[in-house]
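What follows is a single structure, written as structure tokens, with notes after it.
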Amino acid sequence: MRQPLQYPWTDFDVDGTVVPAISVRVDVIETGAEVADHQHRKGQLVFALAGGVTCRVPIGLWMVPTHCAVWIPGGIKHSNIATANAKLFFVYIEPGAADLPARCCTVSISPLLRELIVELSERPDTNDGDELLTKVLLAELPRMPVQQLYLPISSEPRLRHIADALTTNPADRTTLGAWASRVALSESSLSRLVIKETGLTFGRWRQQLHLIVAIRELSNGATVQQVSANLGYESVAAFITMFKKALGKPPAKYLASVMHDNRT
């Protein structure tokens, strides 16, 4: 099903049909185009053919770079925010139609899956669907590699305030002590709260945010120099060192390995 030009749409009933899978194309025009918090019975695969999309659920944030997708099981409240000029495909999948996780995750998308998703979106009558294409898609999807592009977010009000500020401005270098003063906690209390709610130290949590923002922007064509500056690093070398320590490869090699996963 093609949904041209505008994002979000308001005239499509996601749960109004029981075919195993429906693919909807959405061409984004506006910067920061958003589908606000919502949920549906079907699971949703959000695939970025171009540009990127950020998916938020109550416990976390997924930033999806080009040629990857995020899987959101049915019944989970979520929102989607797309970059300008993104080309997105939303694949809605009936519960139990594929052996997919019961939790959200980011997956690579192979060329075969990409073509299946695009082709299904072009079918004029999605109620009839295409049984063969759908069967292959639902068989291939569970085999895709999972990518570590997840940021845990707590519903605790003080941590949610910090998370909202840092996801809006990832270059913010406010120290843990300064944040503690802003939310009326001691530095040690805030440190313990962050670990309890996210499983990460504050420094590691902010680094994970930087990594997923960096991967999204690099895969969308930004240079290492641009990303380093946008994230507030003092030098490109410092950014590359952080990236390599966290993911085992410098940015260019990491992106090349992700693209290799997509081709296999």
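Order determines the names: the first chain of the structure tokens is A, the second B, and so forth; residues in each chain are numbered 1 upward, and ligands are numbered 1 upward as they are shown.
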For this session: Apply DSSP to the backbone of this structure and, from stretch 82-226 of chain A, keep only the residues in strand (DSSP E); write these as JSON, numbers by chain.
Result: {"A": [82, 87, 88, 89, 90, 91, 92, 93, 105, 106, 107, 108, 146, 147, 150, 151, 152]}
Excluding stretch 240-247 of chain A and its own-chain neighbours fewer than 5 positions away, which residues fall within 10 Å of it when counting only C-alpha atoms? Please give them as a CSV table (one decimal) with N, CA, C and O atoms, in the first residue's frame.
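Resulting contents of around_17.csv:
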```csv
chain,number,residue,atom,x,y,z
A,148,GLN,N,22.6,-3.4,18.2
A,148,GLN,CA,22.6,-2.9,19.5
A,148,GLN,C,22.4,-1.4,19.5
A,148,GLN,O,23.3,-0.6,19.7
A,204,ARG,N,28.0,5.9,30.9
A,204,ARG,CA,27.8,4.9,29.9
A,204,ARG,C,26.4,5.1,29.2
A,204,ARG,O,26.3,4.8,28.0
A,207,GLN,N,26.9,7.8,26.7
A,207,GLN,CA,27.7,7.3,25.6
A,207,GLN,C,26.9,6.5,24.7
A,207,GLN,O,27.0,6.6,23.5
A,208,GLN,N,26.0,5.7,25.2
A,208,GLN,CA,25.1,4.9,24.4
A,208,GLN,C,24.2,5.8,23.5
A,208,GLN,O,23.9,5.5,22.4
A,210,HIS,N,25.0,8.7,22.5
A,210,HIS,CA,25.9,9.3,21.4
A,210,HIS,C,26.2,8.2,20.3
A,210,HIS,O,26.2,8.6,19.1
A,211,LEU,N,26.3,7.0,20.7
A,211,LEU,CA,26.5,5.9,19.7
A,211,LEU,C,25.4,5.8,18.8
A,211,LEU,O,25.5,5.7,17.5
A,214,ALA,N,25.1,8.8,16.6
A,214,ALA,CA,26.2,8.8,15.6
A,214,ALA,C,25.9,7.8,14.5
A,214,ALA,O,26.1,8.1,13.3
A,215,ILE,N,25.4,6.6,14.8
A,215,ILE,CA,25.2,5.6,13.8
A,215,ILE,C,24.1,6.0,12.8
A,215,ILE,O,24.1,5.9,11.6
A,224,VAL,N,32.2,11.9,9.7
A,224,VAL,CA,32.6,11.7,11.0
A,224,VAL,C,32.9,13.1,11.7
A,224,VAL,O,32.6,13.3,12.9
A,225,GLN,N,33.5,14.0,11.0
A,225,GLN,CA,33.8,15.3,11.5
A,225,GLN,C,32.5,16.0,11.9
A,225,GLN,O,32.4,16.7,13.0
A,228,SER,N,31.0,14.2,15.1
A,228,SER,CA,31.8,14.5,16.2
A,228,SER,C,31.5,15.9,16.8
A,228,SER,O,31.4,16.1,18.0
A,233,TYR,N,32.1,16.6,20.9
A,233,TYR,CA,33.5,16.1,21.2
A,233,TYR,C,34.5,17.2,20.8
A,233,TYR,O,34.4,17.9,19.9
A,235,SER,N,37.5,16.7,19.7
A,235,SER,CA,38.3,16.4,18.5
A,235,SER,C,37.6,15.2,17.9
A,235,SER,O,36.9,14.4,18.5
A,252,ALA,N,33.7,3.9,10.2
A,252,ALA,CA,33.6,3.4,8.8
A,252,ALA,C,33.5,1.9,8.8
A,252,ALA,O,32.7,1.4,8.0
A,253,LYS,N,34.4,1.2,9.6
A,253,LYS,CA,34.4,-0.2,9.5
A,253,LYS,C,33.1,-0.8,10.2
A,253,LYS,O,32.6,-1.8,9.7
A,254,TYR,N,32.6,-0.1,11.2
A,254,TYR,CA,31.4,-0.6,11.8
A,254,TYR,C,30.2,-0.5,10.8
A,254,TYR,O,29.5,-1.5,10.7
```
Seminar exercise, completed: Expressed in Å, the length from atom CA of A:Arg41 to atom CA of A:Asp130 is 21.2 Å
Find the nearest atom pair between each residue of stretch 131-240 of chain A and stretch 83-92 of chain A for residues within 12 Å, count only C-alpha atoms, give distances in Å to one decimal, sort rows by chain and ascending number, and present the table as a tab-separated table.
```
residue	atom	partner	partner_atom	distance
A:Thr134	CA	A:Val91	CA	10.7
A:Leu137	CA	A:Val91	CA	10.2
A:Leu138	CA	A:Val91	CA	10.6
A:Leu141	CA	A:Val91	CA	11.1
A:Arg216	CA	A:Thr83	CA	10.2
A:Glu217	CA	A:Thr83	CA	10.0
A:Asn220	CA	A:Thr83	CA	9.6
```
Exercise. What is the distance, in Å and to one decimal place, between atom CA of A:Ile162 and atom CA of A:Val236?
Worked result: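 Between atom CA of A:Ile162 and atom CA of A:Val236 the gap works out to 25.9 Å.
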Exercise. Leaving out A:Asp99 and any residue of its chain fewer than 6 positions from it, which residues lie within 12 Å of it when counting only C-alpha atoms, given as a ChimeraX atom specification?
Worked result: /A:43,71,73,93,137-144
